[in-house]
file model-v8.pdb (PDB, C-alpha atoms and all ligand atoms)
MODEL        1
ATOM      1  CA  MET U   1      21.187 166.618 -23.274
ATOM      2  CA  GLU U   2      19.122 163.657 -22.069
ATOM      3  CA  GLN U   3      19.823 160.015 -22.845
ATOM      4  CA  GLN U   4      17.238 158.641 -25.255
ATOM      5  CA  GLY U   5      16.683 154.927 -24.550
ATOM      6  CA  ASN U   6      19.362 152.807 -26.203
ATOM      7  CA  THR U   7      20.610 155.568 -28.489
ATOM      8  CA  LEU U   8      23.941 157.397 -28.518
ATOM      9  CA  PRO U   9      24.566 161.152 -28.397
ATOM     10  CA  PRO U  10      24.699 162.885 -31.802
ATOM     11  CA  ARG U  11      28.002 162.165 -33.555
ATOM     12  CA  GLU U  12      29.517 165.601 -32.953
ATOM     13  CA  PHE U  13      29.100 165.109 -29.183
ATOM     14  CA  MET U  14      30.686 161.653 -29.109
ATOM     15  CA  PRO U  15      34.242 161.274 -27.776
ATOM     16  CA  LYS U  16      36.873 160.430 -30.383
ATOM     17  CA  HIS U  17      39.373 158.949 -27.946
ATOM     18  CA  VAL U  18      38.241 157.025 -24.866
ATOM     19  CA  GLY U  19      40.638 155.913 -22.122
ATOM     20  CA  ILE U  20      39.571 153.079 -19.851
ATOM     21  CA  ILE U  21      41.030 152.108 -16.482
ATOM     22  CA  MET U  22      39.884 148.488 -16.280
ATOM     23  CA  ASP U  23      39.459 148.319 -12.502
ATOM     24  CA  GLY U  24      37.646 145.915 -10.180
ATOM     25  CA  ASN U  25      38.665 142.541 -11.598
ATOM     26  CA  GLY U  26      39.990 141.308  -8.245
ATOM     27  CA  ARG U  27      36.868 142.353  -6.310
ATOM     28  CA  TRP U  28      34.605 140.794  -8.944
ATOM     29  CA  ALA U  29      36.442 137.460  -8.589
ATOM     30  CA  GLN U  30      36.504 137.640  -4.785
ATOM     31  CA  LYS U  31      32.746 138.254  -4.662
ATOM     32  CA  GLN U  32      32.214 134.943  -6.426
ATOM     33  CA  GLY U  33      34.857 133.028  -4.449
ATOM     34  CA  LEU U  34      37.123 132.780  -7.511
ATOM     35  CA  PRO U  35      40.863 133.472  -7.792
ATOM     36  CA  ARG U  36      41.787 137.016  -8.861
ATOM     37  CA  SER U  37      43.024 135.640 -12.184
ATOM     38  CA  ALA U  38      39.424 134.674 -13.022
ATOM     39  CA  GLY U  39      38.523 138.359 -12.722
ATOM     40  CA  HIS U  40      41.290 139.307 -15.142
ATOM     41  CA  LYS U  41      40.155 136.591 -17.584
ATOM     42  CA  LYS U  42      36.606 137.956 -17.583
ATOM     43  CA  GLY U  43      38.092 141.472 -17.765
ATOM     44  CA  ALA U  44      40.029 140.577 -20.922
ATOM     45  CA  GLU U  45      36.818 139.218 -22.536
ATOM     46  CA  VAL U  46      35.009 142.430 -21.648
ATOM     47  CA  PHE U  47      37.889 144.457 -23.120
ATOM     48  CA  GLU U  48      37.544 142.646 -26.476
ATOM     49  CA  GLN U  49      33.782 143.195 -26.538
ATOM     50  CA  ILE U  50      34.072 146.865 -25.565
ATOM     51  CA  VAL U  51      36.636 147.474 -28.328
ATOM     52  CA  LYS U  52      34.071 146.119 -30.820
ATOM     53  CA  ASP U  53      31.337 148.263 -29.262
ATOM     54  CA  CYS U  54      33.577 151.345 -29.466
ATOM     55  CA  ARG U  55      34.237 150.659 -33.138
ATOM     56  CA  GLU U  56      30.520 150.281 -33.860
ATOM     57  CA  MET U  57      29.863 153.528 -32.002
ATOM     58  CA  GLY U  58      32.396 155.390 -34.152
ATOM     59  CA  ILE U  59      34.981 155.918 -31.388
ATOM     60  CA  GLU U  60      38.318 156.275 -33.195
ATOM     61  CA  VAL U  61      40.863 155.537 -30.454
ATOM     62  CA  VAL U  62      40.561 153.382 -27.323
ATOM     63  CA  THR U  63      43.304 153.213 -24.711
ATOM     64  CA  ALA U  64      43.012 150.542 -22.031
ATOM     65  CA  TYR U  65      45.168 150.327 -18.909
ATOM     66  CA  ALA U  66      46.149 146.663 -18.610
ATOM     67  CA  PHE U  67      49.260 146.719 -16.419
ATOM     68  CA  SER U  68      50.938 149.610 -14.655
ATOM     69  CA  THR U  69      54.591 150.049 -13.685
ATOM     70  CA  GLU U  70      53.350 149.502 -10.098
ATOM     71  CA  ASN U  71      51.506 146.230 -10.843
ATOM     72  CA  TRP U  72      54.764 144.222 -10.601
ATOM     73  CA  LYS U  73      54.195 144.346  -6.818
ATOM     74  CA  ARG U  74      51.362 141.802  -7.219
ATOM     75  CA  PRO U  75      51.893 138.073  -6.588
ATOM     76  CA  LYS U  76      53.827 136.421  -9.413
ATOM     77  CA  ALA U  77      50.920 134.091 -10.270
ATOM     78  CA  GLU U  78      48.658 137.094 -10.855
ATOM     79  CA  VAL U  79      51.253 138.917 -12.977
ATOM     80  CA  ASP U  80      51.798 135.737 -15.025
ATOM     81  CA  ALA U  81      48.037 135.332 -15.523
ATOM     82  CA  ILE U  82      47.709 138.882 -16.911
ATOM     83  CA  MET U  83      50.699 138.368 -19.244
ATOM     84  CA  GLU U  84      49.196 135.083 -20.447
ATOM     85  CA  LEU U  85      45.900 136.833 -21.265
ATOM     86  CA  LEU U  86      47.812 139.380 -23.328
ATOM     87  CA  ARG U  87      49.722 136.617 -25.101
ATOM     88  CA  SER U  88      46.550 134.720 -25.963
ATOM     89  CA  TYR U  89      44.821 137.910 -27.174
ATOM     90  CA  LEU U  90      47.763 138.770 -29.440
ATOM     91  CA  LYS U  91      47.727 135.319 -30.996
ATOM     92  CA  ARG U  92      44.077 135.769 -31.960
ATOM     93  CA  LEU U  93      44.399 139.264 -33.378
ATOM     94  CA  ASP U  94      44.421 138.575 -37.091
ATOM     95  CA  LYS U  95      40.799 139.536 -37.598
ATOM     96  CA  PHE U  96      41.267 142.895 -35.905
ATOM     97  CA  HIS U  97      43.838 144.173 -38.357
ATOM     98  CA  ARG U  98      42.865 142.210 -41.466
ATOM     99  CA  GLU U  99      39.099 142.687 -41.475
ATOM    100  CA  GLU U 100      38.680 145.728 -39.293
ATOM    101  CA  ASN U 101      41.803 147.545 -40.501
ATOM    102  CA  GLY U 102      42.660 148.332 -36.867
ATOM    103  CA  ARG U 103      45.994 149.571 -35.561
ATOM    104  CA  LEU U 104      47.346 148.329 -32.262
ATOM    105  CA  ARG U 105      49.965 150.031 -30.110
ATOM    106  CA  PHE U 106      51.404 149.149 -26.749
ATOM    107  CA  LEU U 107      52.115 152.033 -24.428
ATOM    108  CA  GLY U 108      54.879 151.342 -21.953
ATOM    109  CA  ASP U 109      58.343 149.870 -21.592
ATOM    110  CA  LYS U 110      58.465 146.378 -23.100
ATOM    111  CA  THR U 111      62.053 145.713 -21.944
ATOM    112  CA  PRO U 112      61.197 143.712 -18.784
ATOM    113  CA  LEU U 113      58.507 141.583 -20.503
ATOM    114  CA  ALA U 114      59.050 137.960 -21.558
ATOM    115  CA  PRO U 115      60.928 137.916 -24.899
ATOM    116  CA  ASP U 116      58.165 135.963 -26.722
ATOM    117  CA  LEU U 117      55.478 138.376 -25.536
ATOM    118  CA  ARG U 118      57.621 141.327 -26.524
ATOM    119  CA  GLN U 119      58.142 139.842 -29.994
ATOM    120  CA  LEU U 120      54.410 139.231 -30.421
ATOM    121  CA  MET U 121      53.681 142.817 -29.421
ATOM    122  CA  GLU U 122      56.261 144.226 -31.801
ATOM    123  CA  LYS U 123      54.988 142.058 -34.653
ATOM    124  CA  VAL U 124      51.376 143.116 -34.174
ATOM    125  CA  GLU U 125      52.441 146.767 -33.946
ATOM    126  CA  ALA U 126      54.502 146.509 -37.130
ATOM    127  CA  ASP U 127      51.848 144.490 -39.032
ATOM    128  CA  SER U 128      49.093 146.959 -38.172
ATOM    129  CA  ALA U 129      51.143 150.181 -38.405
ATOM    130  CA  ASP U 130      49.676 151.246 -41.746
ATOM    131  CA  ASN U 131      46.085 150.390 -40.897
ATOM    132  CA  THR U 132      43.804 153.361 -40.982
ATOM    133  CA  GLY U 133      40.752 152.050 -39.110
ATOM    134  CA  MET U 134      40.238 152.234 -35.378
ATOM    135  CA  GLU U 135      43.287 152.547 -33.115
ATOM    136  CA  VAL U 136      43.621 150.505 -29.949
ATOM    137  CA  ASN U 137      46.302 151.239 -27.373
ATOM    138  CA  ILE U 138      46.998 148.817 -24.567
ATOM    139  CA  ALA U 139      49.064 150.214 -21.724
ATOM    140  CA  VAL U 140      51.396 147.498 -20.396
ATOM    141  CA  ASN U 141      54.169 148.240 -17.927
ATOM    142  CA  TYR U 142      52.990 151.791 -18.386
ATOM    143  CA  GLY U 143      53.201 154.778 -16.089
ATOM    144  CA  GLY U 144      52.392 158.345 -17.108
ATOM    145  CA  ARG U 145      55.377 159.751 -15.198
ATOM    146  CA  ALA U 146      57.748 157.160 -16.681
ATOM    147  CA  GLU U 147      56.421 158.096 -20.131
ATOM    148  CA  LEU U 148      57.298 161.762 -19.466
ATOM    149  CA  VAL U 149      60.763 160.844 -18.202
ATOM    150  CA  ARG U 150      61.311 158.822 -21.384
ATOM    151  CA  ALA U 151      60.190 161.777 -23.524
ATOM    152  CA  ALA U 152      62.603 164.070 -21.617
ATOM    153  CA  GLN U 153      65.449 161.608 -22.232
ATOM    154  CA  LEU U 154      64.654 161.322 -25.952
ATOM    155  CA  LEU U 155      64.536 165.106 -26.278
ATOM    156  CA  ALA U 156      67.767 165.568 -24.270
ATOM    157  CA  GLN U 157      69.460 163.063 -26.564
ATOM    158  CA  LYS U 158      68.344 165.041 -29.621
ATOM    159  CA  VAL U 159      69.602 168.281 -28.069
ATOM    160  CA  SER U 160      72.982 166.732 -27.267
ATOM    161  CA  ASN U 161      73.206 165.325 -30.843
ATOM    162  CA  GLY U 162      72.531 168.787 -32.179
ATOM    163  CA  GLU U 163      69.286 167.622 -33.890
ATOM    164  CA  LEU U 164      67.173 169.950 -31.782
ATOM    165  CA  SER U 165      67.701 173.196 -29.935
ATOM    166  CA  ALA U 166      66.428 173.410 -26.311
ATOM    167  CA  LYS U 167      64.437 176.560 -27.109
ATOM    168  CA  ASP U 168      62.518 174.675 -29.796
ATOM    169  CA  ILE U 169      61.035 172.236 -27.271
ATOM    170  CA  THR U 170      57.314 172.941 -27.178
ATOM    171  CA  GLU U 171      54.189 171.152 -25.959
ATOM    172  CA  GLN U 172      53.957 169.657 -29.448
ATOM    173  CA  THR U 173      57.517 168.283 -29.388
ATOM    174  CA  VAL U 174      56.859 166.711 -25.979
ATOM    175  CA  ALA U 175      53.601 165.172 -27.261
ATOM    176  CA  ASP U 176      55.491 163.848 -30.294
ATOM    177  CA  HIS U 177      57.803 161.874 -28.001
ATOM    178  CA  LEU U 178      55.053 160.147 -26.034
ATOM    179  CA  TYR U 179      53.837 156.630 -26.864
ATOM    180  CA  THR U 180      50.611 158.209 -28.178
ATOM    181  CA  CYS U 181      52.342 160.462 -30.723
ATOM    182  CA  GLY U 182      50.072 161.415 -33.593
ATOM    183  CA  GLN U 183      46.870 160.492 -31.741
ATOM    184  CA  PRO U 184      44.301 162.935 -30.372
ATOM    185  CA  ASP U 185      44.283 163.345 -26.578
ATOM    186  CA  PRO U 186      41.635 161.325 -24.746
ATOM    187  CA  ASP U 187      38.328 163.178 -24.560
ATOM    188  CA  LEU U 188      36.814 160.848 -22.013
ATOM    189  CA  ILE U 189      38.394 158.655 -19.345
ATOM    190  CA  ILE U 190      36.184 156.008 -17.798
ATOM    191  CA  ARG U 191      37.072 154.387 -14.498
ATOM    192  CA  PRO U 192      34.694 151.720 -13.234
ATOM    193  CA  SER U 193      34.733 150.063  -9.782
ATOM    194  CA  GLY U 194      34.012 153.154  -7.689
ATOM    195  CA  GLU U 195      37.639 154.354  -7.418
ATOM    196  CA  GLU U 196      38.072 157.994  -8.383
ATOM    197  CA  ARG U 197      41.694 158.629  -9.296
ATOM    198  CA  LEU U 198      44.002 158.692 -12.324
ATOM    199  CA  SER U 199      46.596 156.172 -11.017
ATOM    200  CA  ASN U 200      49.403 157.431 -13.283
ATOM    201  CA  PHE U 201      47.354 156.842 -16.476
ATOM    202  CA  LEU U 202      47.885 159.226 -19.452
ATOM    203  CA  VAL U 203      49.154 161.962 -17.146
ATOM    204  CA  TRP U 204      50.088 164.419 -19.926
ATOM    205  CA  GLN U 205      47.365 163.446 -22.382
ATOM    206  CA  SER U 206      44.464 163.740 -19.919
ATOM    207  CA  ALA U 207      45.048 167.445 -19.157
ATOM    208  CA  TYR U 208      41.615 168.341 -20.572
ATOM    209  CA  ALA U 209      39.902 164.940 -20.466
ATOM    210  CA  GLU U 210      36.450 164.498 -18.957
ATOM    211  CA  PHE U 211      36.330 161.818 -16.257
ATOM    212  CA  VAL U 212      33.413 159.476 -15.724
ATOM    213  CA  PHE U 213      33.612 157.266 -12.645
ATOM    214  CA  MET U 214      31.143 154.404 -12.540
ATOM    215  CA  ASP U 215      29.963 152.100  -9.806
ATOM    216  CA  VAL U 216      30.337 148.878 -11.739
ATOM    217  CA  LEU U 217      33.221 146.392 -11.623
ATOM    218  CA  TRP U 218      35.068 146.079 -14.951
ATOM    219  CA  PRO U 219      34.050 142.419 -15.556
ATOM    220  CA  ASP U 220      30.389 143.541 -15.391
ATOM    221  CA  PHE U 221      30.936 146.540 -17.680
ATOM    222  CA  ASN U 222      28.945 146.406 -20.917
ATOM    223  CA  ARG U 223      27.811 148.402 -23.915
ATOM    224  CA  GLU U 224      25.050 150.115 -21.913
ATOM    225  CA  HIS U 225      27.613 151.418 -19.410
ATOM    226  CA  LEU U 226      29.735 152.673 -22.319
ATOM    227  CA  ALA U 227      26.731 154.448 -23.850
ATOM    228  CA  GLN U 228      25.874 155.934 -20.436
ATOM    229  CA  ALA U 229      29.451 157.287 -20.098
ATOM    230  CA  CYS U 230      29.207 158.792 -23.603
ATOM    231  CA  TRP U 231      25.945 160.531 -22.682
ATOM    232  CA  GLU U 232      27.537 161.871 -19.500
ATOM    233  CA  TYR U 233      30.449 163.155 -21.630
ATOM    234  CA  ALA U 234      28.078 164.739 -24.156
ATOM    235  CA  ARG U 235      26.383 166.692 -21.344
ATOM    236  CA  ARG U 236      29.666 168.232 -20.168
ATOM    237  CA  ASN U 237      30.531 171.749 -21.251
ATOM    238  CA  ARG U 238      34.154 171.551 -22.375
ATOM    239  CA  ARG U 239      35.826 174.941 -22.264
ATOM    240  CA  PHE U 240      39.556 174.082 -22.482
ATOM    241  CA  GLY U 241      40.335 177.015 -20.175
ATOM    242  CA  GLY U 242      38.095 179.441 -22.073
ATOM    243  CA  VAL U 243      34.685 180.742 -20.953
TER     244      VAL U 243
HETATM  245  C1  LIG U 301      42.713 146.204 -12.210
HETATM  246  O1  LIG U 301      41.814 145.508 -11.389
HETATM  247  C2  LIG U 301      43.075 145.380 -13.341
HETATM  248  C3  LIG U 301      44.334 145.015 -13.685
HETATM  249  C4  LIG U 301      45.521 145.443 -12.907
HETATM  250  C5  LIG U 301      44.592 144.122 -14.840
HETATM  251  C6  LIG U 301      43.754 144.384 -16.057
HETATM  252  C7  LIG U 301      44.094 143.384 -17.070
HETATM  253  C8  LIG U 301      43.204 142.781 -17.892
HETATM  254  C9  LIG U 301      41.766 143.121 -17.933
HETATM  255  C10 LIG U 301      43.673 141.743 -18.858
HETATM  256  C11 LIG U 301      44.455 142.379 -19.978
HETATM  257  C12 LIG U 301      44.321 141.626 -21.198
HETATM  258  C13 LIG U 301      43.996 142.161 -22.388
HETATM  259  C14 LIG U 301      43.809 141.254 -23.523
HETATM  260  C15 LIG U 301      43.802 143.612 -22.607
HETATM  261  P1  LIG U 301      42.281 145.031  -9.942
HETATM  262  O2  LIG U 301      42.890 143.696 -10.075
HETATM  263  O3  LIG U 301      43.155 146.066  -9.325
HETATM  264  O4  LIG U 301      40.910 144.936  -9.206
HETATM  265  P2  LIG U 301      40.626 145.195  -7.656
HETATM  266  O5  LIG U 301      40.868 146.668  -7.417
HETATM  267  O6  LIG U 301      39.194 144.811  -7.507
HETATM  268  O7  LIG U 301      41.560 144.321  -6.875
ENDMDL
END
call {"tool": "encode", "arguments": {"input": "model-v8.pdb", "output": "structure tokens"}}
result
Amino acid sequence: MEQQGNTLPPREFMPKHVGIIMDGNGRWAQKQGLPRSAGHKKGAEVFEQIVKDCREMGIEVVTAYAFSTENWKRPKAEVDAIMELLRSYLKRLDKFHREENGRLRFLGDKTPLAPDLRQLMEKVEADSADNTGMEVNIAVNYGGRAELVRAAQLLAQKVSNGELSAKDITEQTVADHLYTCGQPDPDLIIRPSGEERLSNFLVWQSAYAEFVFMDVLWPDFNREHLAQACWEYARRNRRFGGV
């Protein structure tokens, strides 16, 4: 299937859930002699635009990796800058769930986050919980392995309460105890910046995802790159273990 100018693949070949590892912000800033936080600021603007582009393209779920469980190792100023970008985004979110009927979820453990940020996140999640339009997941203090440990703990608790029997634990019950419960698995995972690894993102959910690695830094990522990744996805022959 060949890309036709500015068009998108036919609807049935479009991904429904796209995961994005927003990588390359630091290098983008460094290249222009700016502090790393400037790269994250531009990265957050690109995220907002790409969410709109995804919605216009009919993509139903977008999951973006904003902060991993390992990112706490970064200098405090950089961590604070990323948290501030999240805070400012959340304060401007009205339009997303009022006019676009979007639902927002945060994947990850909110416990170590600043109490005001945590409250904002919980409010947006609760306010948008019944929205039936596009779903946006932002992974913050997220790690795929930590998510699986949490699911194991939740299931163990149910077994010890007598709510569940160990033999009734299936792939579906595990999936139901992940942050993404009820959502389709990602069809396509895009990682810009030239790095080619999963970095603990959606470890369970990406079992059958198609990966597209792109040689562009996230702050330079645009709608054309998104369309190009969708075309690349549409060309793949997904067999899910069959022939
Ligand atoms: C990876 O690039 C990027 C991050 C660790 C942070 C991403 C966060 C944002 C884009 C802001 C989040 C805000 C909203 C509103 C979603 P890097 O810093 O590792 O880049 P490098 O590999 O070039 O150093």
call {"tool": "residues_near_ligand", "arguments": {"input": "model-v8.pdb", "ligand": "ligand LIG 301 (chain U)", "cutoff": "10 Å", "atoms": "only C-alpha atoms and all ligand atoms", "output": "ChimeraX atom specification"}}
result
/U:21-31,36-37,39-48,51,63-68,70-72,74,78-79,81-90,137-140,192-195,217-219
call {"tool": "atom_distance", "arguments": {"input": "model-v8.pdb", "atom1": "atom CA of U:Glu210", "atom2": "atom CA of U:Gly241"}}
result
13.2 Å
call {"tool": "closest_residue", "arguments": {"input": "model-v8.pdb", "among": "U:Met214, U:Glu60, U:Cys181, U:Ala156", "to": "U:His17", "atoms": "all atoms listed in the file"}}
result
U:Glu60
call {"tool": "closest_residue", "arguments": {"input": "model-v8.pdb", "among": "U:Gly242, U:Gly19, U:Pro10, U:Gly5", "to": "U:Arg191", "atoms": "only C-alpha atoms"}}
result
U:Gly19
call {"tool": "closest_residue", "arguments": {"input": "model-v8.pdb", "among": "U:Lys16, U:Lys52, U:Arg103, U:Lys91", "to": "U:Thr132", "atoms": "all atoms listed in the file"}}
result
U:Arg103
call {"tool": "resolve_selection", "arguments": {"input": "model-v8.pdb", "expression": "the PyMOL selection byres (((chain U and resi 148) around 10) and not hetatm)", "output": "JSON, numbers by chain"}}
result
{"U": [143, 144, 145, 146, 147, 149, 150, 151, 152, 153, 154, 174, 175, 177, 178, 179, 202, 203, 204]}
call {"tool": "write_last_selection", "arguments": {"input": "model-v8.pdb", "atoms": "C-alpha atoms", "output": "short mmCIF file (atom, residue, chain, number, x, y, z; two decimals), in the coordinates of the input"}}
result
data_model
loop_
_atom_site.label_atom_id
_atom_site.label_comp_id
_atom_site.auth_asym_id
_atom_site.auth_seq_id
_atom_site.Cartn_x
_atom_site.Cartn_y
_atom_site.Cartn_z
CA GLY U 143 53.20 154.78 -16.09
CA GLY U 144 52.39 158.34 -17.11
CA ARG U 145 55.38 159.75 -15.20
CA ALA U 146 57.75 157.16 -16.68
CA GLU U 147 56.42 158.10 -20.13
CA VAL U 149 60.76 160.84 -18.20
CA ARG U 150 61.31 158.82 -21.38
CA ALA U 151 60.19 161.78 -23.52
CA ALA U 152 62.60 164.07 -21.62
CA GLN U 153 65.45 161.61 -22.23
CA LEU U 154 64.65 161.32 -25.95
CA VAL U 174 56.86 166.71 -25.98
CA ALA U 175 53.60 165.17 -27.26
CA HIS U 177 57.80 161.87 -28.00
CA LEU U 178 55.05 160.15 -26.03
CA TYR U 179 53.84 156.63 -26.86
CA LEU U 202 47.88 159.23 -19.45
CA VAL U 203 49.15 161.96 -17.15
CA TRP U 204 50.09 164.42 -19.93
#
call {"tool": "resolve_selection", "arguments": {"input": "model-v8.pdb", "expression": "the PyMOL selection byres (((chain U and resi 6) around 10) and not hetatm)", "output": "list in words"}}
result
Gln3, Gln4, Gly5, Thr7, Leu8, Arg223, Glu224, Ala227 and Gln228 of chain U
call {"tool": "atom_distance", "arguments": {"input": "model-v8.pdb", "atom1": "atom CA of U:Asn222", "atom2": "atom CA of U:Gln49"}}
result
8.1 Å
call {"tool": "atom_distance", "arguments": {"input": "model-v8.pdb", "atom1": "atom CA of U:Ile59", "atom2": "atom CA of U:Val18"}}
result
7.4 Å
call {"tool": "closest_residue", "arguments": {"input": "model-v8.pdb", "among": "U:Cys54, U:Ile169, U:Ile20, U:Leu93", "to": "U:Pro186", "atoms": "all atoms listed in the file"}}
result
U:Ile20
call {"tool": "resolve_selection", "arguments": {"input": "model-v8.pdb", "expression": "the PyMOL selection byres (((chain U and resi 211) around 7) and not hetatm)", "output": "list in words"}}
result
Leu188, Ile189, Ile190, Ala209, Glu210, Val212 and Phe213 of chain U
call {"tool": "axis_aligned_box", "arguments": {"input": "model-v8.pdb", "around": "stretch 145-153 of chain U", "padding_each_side": "6 Å", "output": "AutoDock Vina command-line options"}}
result
--center_x 60.4 --center_y 160.6 --center_z -19.4 --size_x 22.1 --size_y 18.9 --size_z 20.3
call {"tool": "closest_residue", "arguments": {"input": "model-v8.pdb", "among": "U:Ala207, U:Glu163, U:Thr69, U:Arg92", "to": "U:Thr111", "atoms": "all atoms listed in the file"}}
result
U:Thr69
call {"tool": "residues_around", "arguments": {"input": "model-v8.pdb", "residues": "stretch 127-131 of chain U", "least_positions_apart": "4", "cutoff": "7 Å", "atoms": "all atoms listed in the file", "output": "ChimeraX atom specification"}}
result
/U:97,101-104,123
